[in-house]
Each structure stands twice: as structure tokens, then as C-alpha cells.
file run.txt (compact mmCIF, C-alpha atoms)
# COMPACT_ATOMS: atom_id res chain seq x y z
CA MET T 1 -24.70 -1.02 13.24
CA THR T 2 -23.94 0.77 10.04
CA THR T 3 -20.55 2.07 9.17
CA ASN T 4 -19.63 4.53 6.52
CA ASN T 5 -16.11 4.01 5.34
CA SER T 6 -16.17 6.53 2.56
CA ARG T 7 -13.92 9.53 2.80
CA GLY T 8 -15.62 12.58 1.44
CA ALA T 9 -15.36 16.22 2.31
CA GLY T 10 -14.68 16.89 5.97
CA SER T 11 -14.44 13.25 6.98
CA ALA T 12 -10.88 13.37 8.31
CA SER T 13 -12.11 11.81 11.53
CA PRO T 14 -12.20 14.81 13.88
CA ALA T 15 -13.80 12.55 16.50
CA LYS T 16 -10.52 10.65 16.92
CA GLU T 17 -8.12 11.58 19.61
CA GLN T 18 -6.61 14.37 17.55
CA LYS T 19 -2.86 14.53 17.38
CA ARG T 20 -2.60 17.50 15.07
CA TYR T 21 -4.67 20.04 13.19
CA TYR T 22 -3.91 21.36 9.73
CA GLU T 23 -3.30 24.84 11.12
CA ASP T 24 -0.66 23.52 13.54
CA VAL T 25 1.61 22.20 10.78
CA GLN T 26 3.86 24.43 8.67
CA VAL T 27 5.99 23.67 5.64
CA GLY T 28 9.52 23.07 6.91
CA ASP T 29 8.42 21.60 10.24
CA ALA T 30 10.45 18.61 11.36
CA LEU T 31 8.69 15.50 12.65
CA PRO T 32 9.87 14.49 16.14
CA GLU T 33 12.67 11.97 15.58
CA LEU T 34 12.13 8.33 16.46
CA VAL T 35 15.19 6.40 17.64
CA LYS T 36 14.62 2.63 17.64
CA GLU T 37 16.28 -0.02 19.79
CA PRO T 38 19.15 -1.91 18.09
CA VAL T 39 17.88 -4.47 15.56
CA THR T 40 18.13 -8.02 16.97
CA HIS T 41 17.99 -11.51 15.46
CA LEU T 42 14.93 -12.27 17.61
CA GLN T 43 13.21 -9.19 16.15
CA LEU T 44 13.80 -10.42 12.59
CA VAL T 45 12.44 -13.88 13.44
CA ARG T 46 9.43 -12.20 14.98
CA TYR T 47 8.99 -9.94 11.99
CA ALA T 48 9.20 -12.92 9.63
CA GLY T 49 6.35 -14.64 11.46
CA ALA T 50 4.28 -11.49 11.78
CA SER T 51 4.62 -10.39 8.16
CA GLY T 52 4.82 -13.82 6.54
CA ASP T 53 8.09 -12.99 4.75
CA PHE T 54 10.22 -16.05 5.52
CA ASN T 55 13.08 -15.34 3.13
CA PRO T 56 16.00 -17.01 5.00
CA LEU T 57 18.41 -14.16 4.28
CA HIS T 58 16.57 -12.34 7.11
CA THR T 59 16.69 -15.18 9.62
CA ASP T 60 19.40 -17.75 8.80
CA PRO T 61 22.98 -16.56 9.50
CA LYS T 62 24.41 -19.27 7.20
CA VAL T 63 22.46 -17.93 4.22
CA GLY T 64 23.53 -14.41 5.12
CA GLU T 65 27.18 -15.49 4.94
CA GLU T 66 26.76 -17.44 1.72
CA ILE T 67 25.26 -14.62 -0.27
CA GLY T 68 27.80 -12.09 0.94
CA THR T 69 25.58 -9.66 2.78
CA GLY T 70 27.80 -9.81 5.87
CA GLY T 71 25.38 -11.84 7.97
CA ILE T 72 21.62 -11.66 8.05
CA ILE T 73 19.97 -8.41 7.06
CA ALA T 74 16.71 -6.89 8.22
CA HIS T 75 13.55 -7.01 6.13
CA GLY T 76 13.26 -3.72 4.27
CA MET T 77 9.62 -3.67 5.35
CA LEU T 78 10.69 -3.70 9.02
CA ILE T 79 12.59 -0.46 8.44
CA MET T 80 9.58 0.94 6.55
CA GLY T 81 7.59 -0.15 9.62
CA PHE T 82 9.85 1.99 11.82
CA VAL T 83 9.13 4.96 9.54
CA GLY T 84 5.44 4.02 9.69
CA GLN T 85 5.66 4.30 13.48
CA LEU T 86 7.12 7.81 13.07
CA LEU T 87 4.12 8.76 10.91
CA SER T 88 1.62 7.00 13.14
CA ASP T 89 2.98 8.92 16.13
CA TYR T 90 2.73 12.18 14.17
CA VAL T 91 -0.70 12.03 12.52
CA GLY T 92 -2.27 8.70 13.54
CA PRO T 93 -2.67 5.76 11.17
CA GLU T 94 -5.99 6.71 9.61
CA ALA T 95 -4.88 10.19 8.56
CA LEU T 96 -2.43 8.66 6.07
CA ARG T 97 -3.46 8.75 2.42
CA LYS T 98 -0.17 7.71 0.83
CA PHE T 99 3.12 6.35 2.11
CA GLY T 100 5.92 5.18 -0.14
CA VAL T 101 9.61 4.41 0.27
CA ARG T 102 12.71 3.41 -1.65
CA PHE T 103 15.09 0.97 0.01
CA LYS T 104 18.64 2.36 -0.18
CA GLY T 105 20.78 0.13 2.01
CA MET T 106 20.94 -3.04 4.06
CA THR T 107 20.35 -2.99 7.82
CA HIS T 108 22.43 -5.36 9.95
CA LEU T 109 22.03 -6.71 13.47
CA GLY T 110 22.85 -4.12 16.10
CA ASP T 111 22.13 -1.16 13.85
CA VAL T 112 20.33 1.68 15.61
CA ILE T 113 17.82 3.23 13.24
CA THR T 114 16.70 6.83 13.57
CA CYS T 115 13.62 7.93 11.63
CA SER T 116 13.06 11.55 10.73
CA GLY T 117 10.97 13.66 8.43
CA THR T 118 10.02 17.13 7.23
CA ILE T 119 6.79 18.72 6.02
CA THR T 120 7.15 19.80 2.39
CA GLU T 121 3.65 20.87 1.36
CA LYS T 122 0.18 21.90 2.55
CA TYR T 123 -2.71 21.81 0.11
CA GLU T 124 -6.35 20.93 -0.46
CA ALA T 125 -7.38 17.91 -2.50
CA GLU T 126 -10.53 15.81 -2.72
CA GLY T 127 -12.19 18.09 -0.17
CA GLU T 128 -9.49 17.46 2.43
CA ALA T 129 -6.78 19.59 4.01
CA ARG T 130 -3.60 17.65 3.38
CA ILE T 131 0.05 17.74 4.30
CA ALA T 132 2.88 16.06 2.42
CA GLY T 133 6.35 15.33 3.67
CA LYS T 134 9.55 13.43 3.18
CA VAL T 135 10.88 10.83 5.58
CA GLN T 136 14.00 8.76 6.02
CA ALA T 137 15.61 6.12 8.19
CA ALA T 138 19.35 6.09 8.83
CA ASP T 139 21.70 4.09 11.04
CA GLN T 140 24.16 5.16 13.75
CA ASN T 141 26.74 6.08 11.08
CA GLY T 142 24.29 8.21 9.13
CA ASP T 143 23.97 5.60 6.37
CA VAL T 144 20.52 6.03 4.84
CA LYS T 145 18.42 2.84 4.67
CA VAL T 146 15.09 4.17 3.51
CA VAL T 147 13.86 7.40 1.95
CA GLY T 148 10.22 8.12 1.28
CA THR T 149 7.28 10.44 1.09
CA PHE T 150 3.83 10.57 2.63
CA VAL T 151 0.51 12.39 2.35
CA ALA T 152 -1.90 12.78 5.27
CA ALA T 153 -5.27 14.48 5.73
CA LEU T 154 -5.74 16.59 8.83
CA PRO T 155 -8.87 18.18 10.28
CA ARG T 156 -9.12 21.94 10.46
CA ARG T 157 -9.58 23.68 13.77
CA GLY T 158 -13.21 24.39 14.45
CA ALA T 159 -14.34 22.32 11.46
CA MET S 160 15.44 -10.97 -18.84
CA PHE S 161 11.95 -9.87 -17.96
CA ASP S 162 9.40 -10.67 -20.64
CA THR S 163 7.54 -7.40 -21.20
CA SER S 164 4.56 -9.28 -22.60
CA LYS S 165 3.79 -10.08 -18.92
CA ILE S 166 2.95 -6.44 -18.23
CA GLY S 167 -0.76 -6.23 -17.52
CA GLN S 168 -0.99 -9.83 -16.36
CA SER S 169 -3.07 -10.30 -13.20
CA PHE S 170 -2.90 -13.25 -10.84
CA PRO S 171 -5.96 -14.99 -9.39
CA PRO S 172 -7.73 -13.04 -6.60
CA PHE S 173 -6.98 -14.01 -3.00
CA THR S 174 -8.95 -13.25 0.14
CA ILE S 175 -7.77 -12.55 3.66
CA ALA S 176 -9.61 -11.93 6.90
CA VAL S 177 -8.27 -8.92 8.83
CA GLU S 178 -7.34 -10.07 12.33
CA ARG S 179 -6.64 -8.05 15.44
CA SER S 180 -3.97 -10.49 16.61
CA LYS S 181 -1.93 -10.07 13.41
CA VAL S 182 -1.93 -6.27 13.78
CA HIS S 183 -0.79 -6.73 17.39
CA GLU S 184 1.91 -9.23 16.34
CA LEU S 185 3.32 -6.96 13.62
CA ALA S 186 3.39 -3.94 15.97
CA LEU S 187 5.24 -6.09 18.54
CA ALA S 188 7.85 -7.06 15.94
CA ILE S 189 8.29 -3.43 14.87
CA GLY S 190 8.49 -2.36 18.51
CA ASP S 191 5.58 0.05 18.25
CA THR S 192 4.03 0.11 21.71
CA ASN S 193 1.15 2.46 20.86
CA PRO S 194 -1.76 0.80 22.74
CA ILE S 195 -4.18 1.35 19.82
CA TYR S 196 -2.44 -1.53 17.99
CA HIS S 197 -2.54 -3.88 20.96
CA SER S 198 -5.99 -3.63 22.50
CA ARG S 199 -9.47 -2.97 21.18
CA GLU S 200 -10.35 -1.13 24.39
CA ALA S 201 -7.39 1.21 24.01
CA ALA S 202 -8.21 1.78 20.33
CA GLN S 203 -11.83 2.58 21.16
CA ALA S 204 -10.77 4.88 23.99
CA SER S 205 -8.81 6.81 21.35
CA GLY S 206 -11.83 7.08 19.07
CA TYR S 207 -11.19 4.16 16.72
CA GLN S 208 -13.92 1.67 15.91
CA ASP S 209 -11.49 -1.19 16.63
CA VAL S 210 -7.74 -1.80 16.41
CA PRO S 211 -6.62 0.17 13.32
CA LEU S 212 -4.03 -1.02 10.83
CA SER S 213 -0.54 0.31 11.35
CA PRO S 214 0.85 1.97 8.21
CA THR S 215 2.77 -1.09 6.99
CA ALA S 216 0.29 -3.76 8.18
CA PRO S 217 -0.85 -4.34 4.56
CA THR S 218 2.37 -6.33 4.10
CA ILE S 219 0.60 -9.06 6.12
CA PHE S 220 -2.08 -9.29 3.42
CA GLN S 221 0.53 -9.67 0.71
CA PHE S 222 2.44 -12.55 2.30
CA TRP S 223 -0.18 -14.30 4.44
CA GLY S 224 -3.05 -13.53 2.06
CA ASN S 225 -1.32 -14.91 -0.98
CA THR S 226 1.09 -17.69 -0.09
CA ALA S 227 1.19 -18.68 -3.77
CA GLN S 228 2.75 -15.39 -4.78
CA ALA S 229 6.31 -16.67 -5.07
CA ASP S 230 5.16 -19.45 -7.42
CA GLN S 231 3.08 -17.00 -9.44
CA LEU S 232 6.04 -14.68 -9.94
CA ARG S 233 8.26 -17.65 -10.79
CA ASN S 234 5.74 -18.74 -13.42
CA ALA S 235 5.86 -15.23 -14.86
CA GLY S 236 9.61 -15.75 -15.36
CA ILE S 237 10.85 -13.82 -12.34
CA SER S 238 13.65 -15.45 -10.32
CA VAL S 239 12.23 -14.93 -6.86
CA GLU S 240 15.40 -16.26 -5.23
CA ARG S 241 17.31 -13.20 -6.49
CA ILE S 242 14.83 -10.52 -5.58
CA LEU S 243 15.75 -7.28 -3.91
CA HIS S 244 12.94 -5.13 -2.63
CA ALA S 245 13.49 -1.70 -4.18
CA GLU S 246 10.33 0.29 -3.46
CA GLU S 247 7.02 -0.03 -1.64
CA GLU S 248 4.07 2.33 -1.74
CA PHE S 249 0.62 2.24 -0.17
CA ASP S 250 -2.47 4.25 -1.13
CA TYR S 251 -4.93 4.24 1.77
CA HIS S 252 -8.43 4.84 0.42
CA ALA S 253 -10.59 3.92 3.43
CA PRO S 254 -10.17 2.50 6.92
CA ILE S 255 -9.73 -1.27 7.32
CA TYR S 256 -10.69 -3.00 10.55
CA PRO S 257 -10.54 -6.46 12.11
CA GLY S 258 -13.50 -8.45 10.85
CA ASP S 259 -13.18 -7.09 7.32
CA THR S 260 -12.54 -9.58 4.55
CA LEU S 261 -10.34 -8.24 1.81
CA THR S 262 -9.95 -9.48 -1.73
CA GLY S 263 -6.64 -8.70 -3.40
CA VAL S 264 -5.78 -8.80 -7.07
CA THR S 265 -2.13 -8.44 -8.00
CA THR S 266 -1.16 -7.15 -11.46
CA ILE S 267 2.25 -6.68 -13.05
CA ILE S 268 1.98 -2.97 -13.92
CA SER S 269 5.45 -2.30 -15.28
CA GLY S 270 8.71 -4.03 -15.96
CA LYS S 271 11.88 -3.73 -17.92
CA GLY S 272 15.08 -5.68 -18.33
CA ARG S 273 18.55 -4.38 -18.93
CA LYS S 274 21.52 -6.37 -20.21
CA MET S 275 24.72 -5.63 -18.32
CA ARG S 276 28.15 -5.64 -19.90
CA ASP S 277 29.13 -8.91 -18.17
CA GLY S 278 26.20 -10.71 -19.79
CA SER S 279 24.06 -10.64 -16.68
CA SER S 280 20.77 -8.81 -16.71
CA MET S 281 18.85 -6.71 -14.26
CA ASP S 282 15.08 -6.63 -14.25
CA VAL S 283 12.96 -4.02 -12.51
CA VAL S 284 9.37 -5.12 -12.03
CA THR S 285 6.46 -3.37 -10.30
CA THR S 286 3.33 -5.13 -9.13
CA GLU S 287 0.21 -3.49 -7.77
CA THR S 288 -2.27 -5.21 -5.51
CA ARG S 289 -5.70 -3.67 -5.36
CA TYR S 290 -7.74 -4.57 -2.27
CA THR S 291 -11.50 -4.34 -1.97
CA ASN S 292 -13.51 -5.09 1.17
CA GLN S 293 -16.64 -7.17 1.69
CA GLN S 294 -18.72 -4.22 0.42
CA GLN S 295 -16.71 -4.15 -2.82
CA GLN S 296 -15.21 -0.85 -1.74
CA HIS S 297 -11.67 -0.18 -2.95
CA VAL S 298 -9.85 0.36 0.35
CA LEU S 299 -6.14 -0.01 -0.41
CA SER S 300 -3.57 -0.32 -3.16
CA ALA S 301 -0.03 -1.55 -2.60
CA ARG S 302 2.74 -1.21 -5.18
CA THR S 303 5.91 -3.25 -4.86
CA THR S 304 8.99 -2.75 -7.02
CA ILE S 305 11.56 -5.51 -7.09
CA VAL S 306 14.95 -5.76 -8.72
CA VAL S 307 16.08 -9.14 -10.00
CA ARG S 308 19.67 -9.90 -10.97
CA GLU S 309 20.11 -12.71 -13.50
CA GLU S 310 23.43 -14.26 -14.25
CA GLY S 311 24.54 -14.40 -17.88
CA GLU S 312 24.36 -17.53 -20.03
CA GLN S 313 27.39 -19.77 -19.63
CA LYS S 314 29.48 -19.78 -22.80
call {"tool": "encode", "arguments": {"input": "run.txt", "output": "C-alpha cells"}}
result
Amino acid sequence: MTTNNSRGAGSASPAKEQKRYYEDVQVGDALPELVKEPVTHLQLVRYAGASGDFNPLHTDPKVGEEIGTGGIIAHGMLIMGFVGQLLSDYVGPEALRKFGVRFKGMTHLGDVITCSGTITEKYEAEGEARIAGKVQAADQNGDVKVVGTFVAALPRRGA
Amino acid sequence: MFDTSKIGQSFPPFTIAVERSKVHELALAIGDTNPIYHSREAAQASGYQDVPLSPTAPTIFQFWGNTAQADQLRNAGISVERILHAEEEFDYHAPIYPGDTLTGVTTIISGKGRKMRDGSSMDVVTTETRYTNQQQQHVLSARTTIVVREEGEQK
């Protein structure tokens, strides 16, 4: 079997189960919000093992108290992962071309994170029809944990 | 304070095999129940060649692919015990699937130190890891910006 991984003109995978076409998305559109379950200690232990980030400030309550973070705090990358789920639900993982975030605040156990986003741009680049947007994750008090941007390539209808 | 002569320094390449079970495990931890991340059959039914990477799955490559990273950063003069993760950015150049073998090369691409009034210092350092697959195709870049607080010298 041969595979061609290159992404040239018109290769935005129209064969995939298509979530969205370029024509369906408009600047100003909001992504459907994603509300996550409260963050748990078990989840952080799981995330440590899955990601390989074993920094004890994410898993050991004693360390969390010692360094003054008010208990253990979530991996920033877990919260980015929540936002990644928002994007994956919206365009599918292989449509993404760029995804970047800044970490703005610490997430504690029990926090309920809501991920949201907005489309900011539609344009053509490298032979692809692309959308760009901004995303964020905030807790139940509206405190922002993560802000970021993304770029995705979408197929055109009838292409 | 960060030694700016370290900018441009690359660490030895590391390799990592992309595994379906790790993608599944990370999606479980995130709580993403999309079946494409949990079963090859479900992924193929949705038109993927195999289980695709979730958007933040490259973090697995960074930590599990290069378990020497903390020591490498320490040797470059960065106090890894005092790191805060400030920014993360991925450029996705081509699909990555289970069975691929990736080679990553991490380079310190920027860094600066700032002396604070209390004698402590704050360093901001960005590394970029460039991943190529077994066909030498550049498939992914990951940029990580960390902030390191250093206490001042005792007088």
C-alpha cells in the first residue's frame, strides 16, 4: 500500500466524514461550546501517565500546598486538550494546520471548564481554503485559563 | 539568568513510535469520547486510515519521546523545577498515524532574561521541536514557551 501524506492543492481530505465545508463557515460564527466535567485528581493522575508529564505539582497535594498554588493544579496541556476537543469536534483533527495557546491561569480540582471560540478569518493559502479563529477556556467563575488561535483547512462544496 | 548564547542550541535527536494505545489513553484522560480516537474500526468508518492524533497528542512525543529533556534543559542552565508553561503552539504539516516512527529535534529558538527589582530574575525561553517521519517528511513542529523564576543571590 502506498500512502501520500503530502498536502497540496485540494487535498483537504474530502473523503473523510465531513463535518464542515468552507462555504458553511462565516466570519463571526461561534463554535458550539464544550462544557467539560469537573476536573478531578484521578483525571490529573491519568493525564500525567498519558502525557508523560509527571511534575508532582499536578498530582501530589503536599507539593501543591508547599508551593502555594492552593492544592494541586491541572496540567496546562490538559486544558489545551479540552480546547483541542472543541476544535476536533468542529473541524476534525486532520483539518487543523495550526493551534496555539497562552496559559493565563491555574485550574484547580472541581473547576468546570467551558471551551468556546469564534471564526475570525476566511482565506486561501497554499492552495487550500482556510478558516482562522480564536478560542478560549474559562472556569465556572468566568476566569480565563487559556486563550489561543487556530487555522484549519476545509474542503469546498462540490470540489 | 538565561544565557542567550544558548539560543540556537539543538539537543540530540530522539525517536518515538506512534502508538494507537497512547492516543486512546490521552483521549481518555482528556475525556474526549470521540470513537475515532479509541478504535481503529471507528476511525476507518469515519474515513481515516487509522486512529488519528488528537490535536494535543504531540505532547506525548515531547515527554515520552525524550525523557532526557529535563536534564538537557538543566544543562542549558534552565531551572526546570521552577518552570511555568506559558505558551504552546503546534504546526500540523501532514497526518501522523500509528505505526509511524518520528524523529524529533529540539532547538532553543529564543530566550531572554530580565532582572527584577528584588534581585530575582525571570527568564522566558522558547524551544521548537521539529518532527520528521520515517520518510524524512517534516510532519509537525511544536513550540513551547516556558517562564522560569530565579531567586536572587543571597547577600
call {"tool": "residues_around", "arguments": {"input": "run.txt", "residues": "segment 186-192 of chain S", "least_positions_apart": "2", "cutoff": "6 Å", "atoms": "all atoms listed in the file", "output": "VMD selection string"}}
result
(chain T and resid 43 46 to 47) or (chain S and resid 183 to 184 194)
call {"tool": "interface_residues", "arguments": {"input": "run.txt", "of": "chain S", "to": "chain T", "cutoff": "6 Å", "atoms": "all atoms listed in the file", "output": "VMD selection string"}}
result
chain S and resid 184 to 185 188 205 to 206 213 to 215 219 222 to 223 245 to 251 253
call {"tool": "write_last_selection", "arguments": {"input": "run.txt", "atoms": "C-alpha atoms", "output": "PDB file, in the coordinates of the input"}}
result
ATOM      1  CA  GLU S 184       1.910  -9.230  16.340  1.00  0.00           C
ATOM      2  CA  LEU S 185       3.320  -6.960  13.620  1.00  0.00           C
ATOM      3  CA  ALA S 188       7.850  -7.060  15.940  1.00  0.00           C
ATOM      4  CA  SER S 205      -8.810   6.810  21.350  1.00  0.00           C
ATOM      5  CA  GLY S 206     -11.830   7.080  19.070  1.00  0.00           C
ATOM      6  CA  SER S 213      -0.540   0.310  11.350  1.00  0.00           C
ATOM      7  CA  PRO S 214       0.850   1.970   8.210  1.00  0.00           C
ATOM      8  CA  THR S 215       2.770  -1.090   6.990  1.00  0.00           C
ATOM      9  CA  ILE S 219       0.600  -9.060   6.120  1.00  0.00           C
ATOM     10  CA  PHE S 222       2.440 -12.550   2.300  1.00  0.00           C
ATOM     11  CA  TRP S 223      -0.180 -14.300   4.440  1.00  0.00           C
ATOM     12  CA  ALA S 245      13.490  -1.700  -4.180  1.00  0.00           C
ATOM     13  CA  GLU S 246      10.330   0.290  -3.460  1.00  0.00           C
ATOM     14  CA  GLU S 247       7.020  -0.030  -1.640  1.00  0.00           C
ATOM     15  CA  GLU S 248       4.070   2.330  -1.740  1.00  0.00           C
ATOM     16  CA  PHE S 249       0.620   2.240  -0.170  1.00  0.00           C
ATOM     17  CA  ASP S 250      -2.470   4.250  -1.130  1.00  0.00           C
ATOM     18  CA  TYR S 251      -4.930   4.240   1.770  1.00  0.00           C
ATOM     19  CA  ALA S 253     -10.590   3.920   3.430  1.00  0.00           C
TER      20      ALA S 253
END
call {"tool": "residues_near_point", "arguments": {"input": "run.txt", "point": "(-10.0, -0.4, 6.3)", "cutoff": "8 Å", "atoms": "only C-alpha atoms", "output": "list of chain:residue names"}}
result
T:Asn5, S:Pro211, S:Leu212, S:Ala253, S:Pro254, S:Ile255, S:Tyr256, S:Asp259, S:Asn292, S:Val298, S:Leu299
call {"tool": "atom_distance", "arguments": {"input": "run.txt", "atom1": "atom CA of Tyr196 of chain S", "atom2": "atom CA of Arg302 of chain S"}}
result
23.7 Å
call {"tool": "residues_around", "arguments": {"input": "run.txt", "residues": "segment 160-176 of chain S", "least_positions_apart": "6", "cutoff": "10 Å", "atoms": "all atoms listed in the file", "output": "PyMOL selection string"}}
result
chain S and resi 219-221+223-228+231-232+235-238+256-274+279-293+307-311
call {"tool": "residues_around", "arguments": {"input": "run.txt", "residues": "Gly71 of chain T", "least_positions_apart": "6", "cutoff": "8 Å", "atoms": "all atoms listed in the file", "output": "ChimeraX atom specification"}}
result
/T:61-65,108
call {"tool": "atom_distance", "arguments": {"input": "run.txt", "atom1": "atom CA of Gln26 of chain T", "atom2": "atom CA of Ala129 of chain T"}}
result
12.6 Å
call {"tool": "atom_distance", "arguments": {"input": "run.txt", "atom1": "atom CA of Thr303 of chain S", "atom2": "atom CA of Pro217 of chain S"}}
result
11.6 Å
call {"tool": "axis_aligned_box", "arguments": {"input": "run.txt", "around": "segment 34-43 of chain T", "padding_each_side": "4 Å", "output": "AutoDock Vina command-line options"}}
result
--center_x 15.6 --center_y -2.0 --center_z 17.6 --size_x 15.0 --size_y 28.6 --size_z 12.3
call {"tool": "closest_residue", "arguments": {"input": "run.txt", "among": "T:Arg130, T:Ile73, T:Leu57, T:Tyr22", "to": "Arg241 of chain S", "atoms": "only C-alpha atoms"}}
result
T:Leu57
call {"tool": "residues_around", "arguments": {"input": "run.txt", "residues": "Ser198 of chain S", "least_positions_apart": "2", "cutoff": "10 Å", "atoms": "only C-alpha atoms", "output": "NGL selection string"}}
result
:S and (179-180 or 182-183 or 193-196 or 200-204 or 209-211)
call {"tool": "closest_residue", "arguments": {"input": "run.txt", "among": "T:Ala153, T:Ala30, T:Ala159, T:Ile131", "to": "Cys115 of chain T", "atoms": "all atoms listed in the file"}}
result
T:Ala30
call {"tool": "decode", "arguments": {"input": "run.txt", "residues": "segment 208-302 of chain S", "atoms": "C-alpha atoms", "output": "PDB file, in the first residue's frame"}}
result
ATOM      1  CA  GLN S 208      -6.555   5.486   7.584  1.00  0.00           C
ATOM      2  CA  ASP S 209      -6.163   4.582  11.275  1.00  0.00           C
ATOM      3  CA  VAL S 210      -6.678   6.276  14.644  1.00  0.00           C
ATOM      4  CA  PRO S 211      -5.708   9.937  14.039  1.00  0.00           C
ATOM      5  CA  LEU S 212      -3.810  12.092  16.500  1.00  0.00           C
ATOM      6  CA  SER S 213      -5.924  14.351  18.653  1.00  0.00           C
ATOM      7  CA  PRO S 214      -4.809  18.000  18.436  1.00  0.00           C
ATOM      8  CA  THR S 215      -2.651  17.907  21.579  1.00  0.00           C
ATOM      9  CA  ALA S 216      -1.377  14.313  21.235  1.00  0.00           C
ATOM     10  CA  PRO S 217       2.072  15.615  20.181  1.00  0.00           C
ATOM     11  CA  THR S 218       2.672  16.362  23.873  1.00  0.00           C
ATOM     12  CA  ILE S 219       3.142  12.577  24.232  1.00  0.00           C
ATOM     13  CA  PHE S 220       6.097  12.736  21.842  1.00  0.00           C
ATOM     14  CA  GLN S 221       7.705  15.518  23.836  1.00  0.00           C
ATOM     15  CA  PHE S 222       7.582  13.802  27.222  1.00  0.00           C
ATOM     16  CA  TRP S 223       7.638  10.094  26.365  1.00  0.00           C
ATOM     17  CA  GLY S 224       9.827  10.547  23.290  1.00  0.00           C
ATOM     18  CA  ASN S 225      12.502  12.494  25.087  1.00  0.00           C
ATOM     19  CA  THR S 226      12.720  11.527  28.745  1.00  0.00           C
ATOM     20  CA  ALA S 227      16.114  13.251  28.916  1.00  0.00           C
ATOM     21  CA  GLN S 228      14.603  16.645  28.193  1.00  0.00           C
ATOM     22  CA  ALA S 229      14.575  17.879  31.781  1.00  0.00           C
ATOM     23  CA  ASP S 230      18.289  17.084  32.120  1.00  0.00           C
ATOM     24  CA  GLN S 231      19.046  18.722  28.777  1.00  0.00           C
ATOM     25  CA  LEU S 232      17.303  21.932  29.805  1.00  0.00           C
ATOM     26  CA  ARG S 233      19.037  21.833  33.190  1.00  0.00           C
ATOM     27  CA  ASN S 234      22.391  21.506  31.426  1.00  0.00           C
ATOM     28  CA  ALA S 235      21.489  24.554  29.343  1.00  0.00           C
ATOM     29  CA  GLY S 236      21.134  26.478  32.622  1.00  0.00           C
ATOM     30  CA  ILE S 237      17.353  26.402  32.924  1.00  0.00           C
ATOM     31  CA  SER S 238      15.943  25.617  36.383  1.00  0.00           C
ATOM     32  CA  VAL S 239      13.355  23.062  35.373  1.00  0.00           C
ATOM     33  CA  GLU S 240      11.969  22.892  38.911  1.00  0.00           C
ATOM     34  CA  ARG S 241      10.688  26.466  38.567  1.00  0.00           C
ATOM     35  CA  ILE S 242       9.140  26.233  35.142  1.00  0.00           C
ATOM     36  CA  LEU S 243       5.753  27.615  34.267  1.00  0.00           C
ATOM     37  CA  HIS S 244       4.316  26.660  30.917  1.00  0.00           C
ATOM     38  CA  ALA S 245       3.416  29.942  29.222  1.00  0.00           C
ATOM     39  CA  GLU S 246       2.604  29.065  25.611  1.00  0.00           C
ATOM     40  CA  GLU S 247       2.280  26.048  23.335  1.00  0.00           C
ATOM     41  CA  GLU S 248       1.831  26.005  19.586  1.00  0.00           C
ATOM     42  CA  PHE S 249       1.611  23.215  17.029  1.00  0.00           C
ATOM     43  CA  ASP S 250       2.060  23.415  13.255  1.00  0.00           C
ATOM     44  CA  TYR S 251       0.493  20.362  11.634  1.00  0.00           C
ATOM     45  CA  HIS S 252       2.157  19.753   8.276  1.00  0.00           C
ATOM     46  CA  ALA S 253       0.946  16.238   7.420  1.00  0.00           C
ATOM     47  CA  PRO S 254      -1.081  13.451   9.014  1.00  0.00           C
ATOM     48  CA  ILE S 255       0.626  11.190  11.564  1.00  0.00           C
ATOM     49  CA  TYR S 256      -0.637   7.664  12.176  1.00  0.00           C
ATOM     50  CA  PRO S 257       0.071   4.715  14.463  1.00  0.00           C
ATOM     51  CA  GLY S 258       2.999   2.784  13.024  1.00  0.00           C
ATOM     52  CA  ASP S 259       4.880   5.944  12.061  1.00  0.00           C
ATOM     53  CA  THR S 260       8.260   6.494  13.643  1.00  0.00           C
ATOM     54  CA  LEU S 261       9.028  10.117  14.322  1.00  0.00           C
ATOM     55  CA  THR S 262      12.369  11.766  14.895  1.00  0.00           C
ATOM     56  CA  GLY S 263      12.319  14.957  16.935  1.00  0.00           C
ATOM     57  CA  VAL S 264      14.981  17.605  17.219  1.00  0.00           C
ATOM     58  CA  THR S 265      14.505  20.270  19.867  1.00  0.00           C
ATOM     59  CA  THR S 266      16.185  23.666  19.478  1.00  0.00           C
ATOM     60  CA  ILE S 267      16.219  26.682  21.780  1.00  0.00           C
ATOM     61  CA  ILE S 268      14.870  29.290  19.345  1.00  0.00           C
ATOM     62  CA  SER S 269      14.591  32.313  21.617  1.00  0.00           C
ATOM     63  CA  GLY S 270      15.203  33.371  25.161  1.00  0.00           C
ATOM     64  CA  LYS S 271      15.682  36.388  27.314  1.00  0.00           C
ATOM     65  CA  GLY S 272      16.227  37.114  30.974  1.00  0.00           C
ATOM     66  CA  ARG S 273      15.003  40.051  32.982  1.00  0.00           C
ATOM     67  CA  LYS S 274      16.305  41.178  36.362  1.00  0.00           C
ATOM     68  CA  MET S 275      13.539  42.090  38.782  1.00  0.00           C
ATOM     69  CA  ARG S 276      13.832  44.820  41.386  1.00  0.00           C
ATOM     70  CA  ASP S 277      14.074  42.309  44.259  1.00  0.00           C
ATOM     71  CA  GLY S 278      17.161  40.731  42.693  1.00  0.00           C
ATOM     72  CA  SER S 279      15.292  37.750  41.305  1.00  0.00           C
ATOM     73  CA  SER S 280      15.181  37.168  37.588  1.00  0.00           C
ATOM     74  CA  MET S 281      12.616  35.934  35.141  1.00  0.00           C
ATOM     75  CA  ASP S 282      13.596  34.037  32.030  1.00  0.00           C
ATOM     76  CA  VAL S 283      11.347  33.433  29.050  1.00  0.00           C
ATOM     77  CA  VAL S 284      12.590  30.639  26.815  1.00  0.00           C
ATOM     78  CA  THR S 285      11.049  29.115  23.681  1.00  0.00           C
ATOM     79  CA  THR S 286      12.001  25.736  22.279  1.00  0.00           C
ATOM     80  CA  GLU S 287      10.876  24.277  18.988  1.00  0.00           C
ATOM     81  CA  THR S 288      10.777  20.582  18.237  1.00  0.00           C
ATOM     82  CA  ARG S 289      10.725  19.650  14.585  1.00  0.00           C
ATOM     83  CA  TYR S 290       9.401  16.162  13.834  1.00  0.00           C
ATOM     84  CA  THR S 291      10.068  14.174  10.687  1.00  0.00           C
ATOM     85  CA  ASN S 292       8.603  10.765   9.880  1.00  0.00           C
ATOM     86  CA  GLN S 293      10.245   7.591   8.578  1.00  0.00           C
ATOM     87  CA  GLN S 294      10.128   9.070   5.051  1.00  0.00           C
ATOM     88  CA  GLN S 295      12.051  12.144   6.232  1.00  0.00           C
ATOM     89  CA  GLN S 296       8.926  14.217   5.713  1.00  0.00           C
ATOM     90  CA  HIS S 297       8.512  17.182   8.061  1.00  0.00           C
ATOM     91  CA  VAL S 298       5.146  16.398   9.654  1.00  0.00           C
ATOM     92  CA  LEU S 299       4.927  18.550  12.778  1.00  0.00           C
ATOM     93  CA  SER S 300       6.526  21.382  14.700  1.00  0.00           C
ATOM     94  CA  ALA S 301       5.824  22.119  18.353  1.00  0.00           C
ATOM     95  CA  ARG S 302       6.869  25.337  20.079  1.00  0.00           C
TER      96      ARG S 302
END
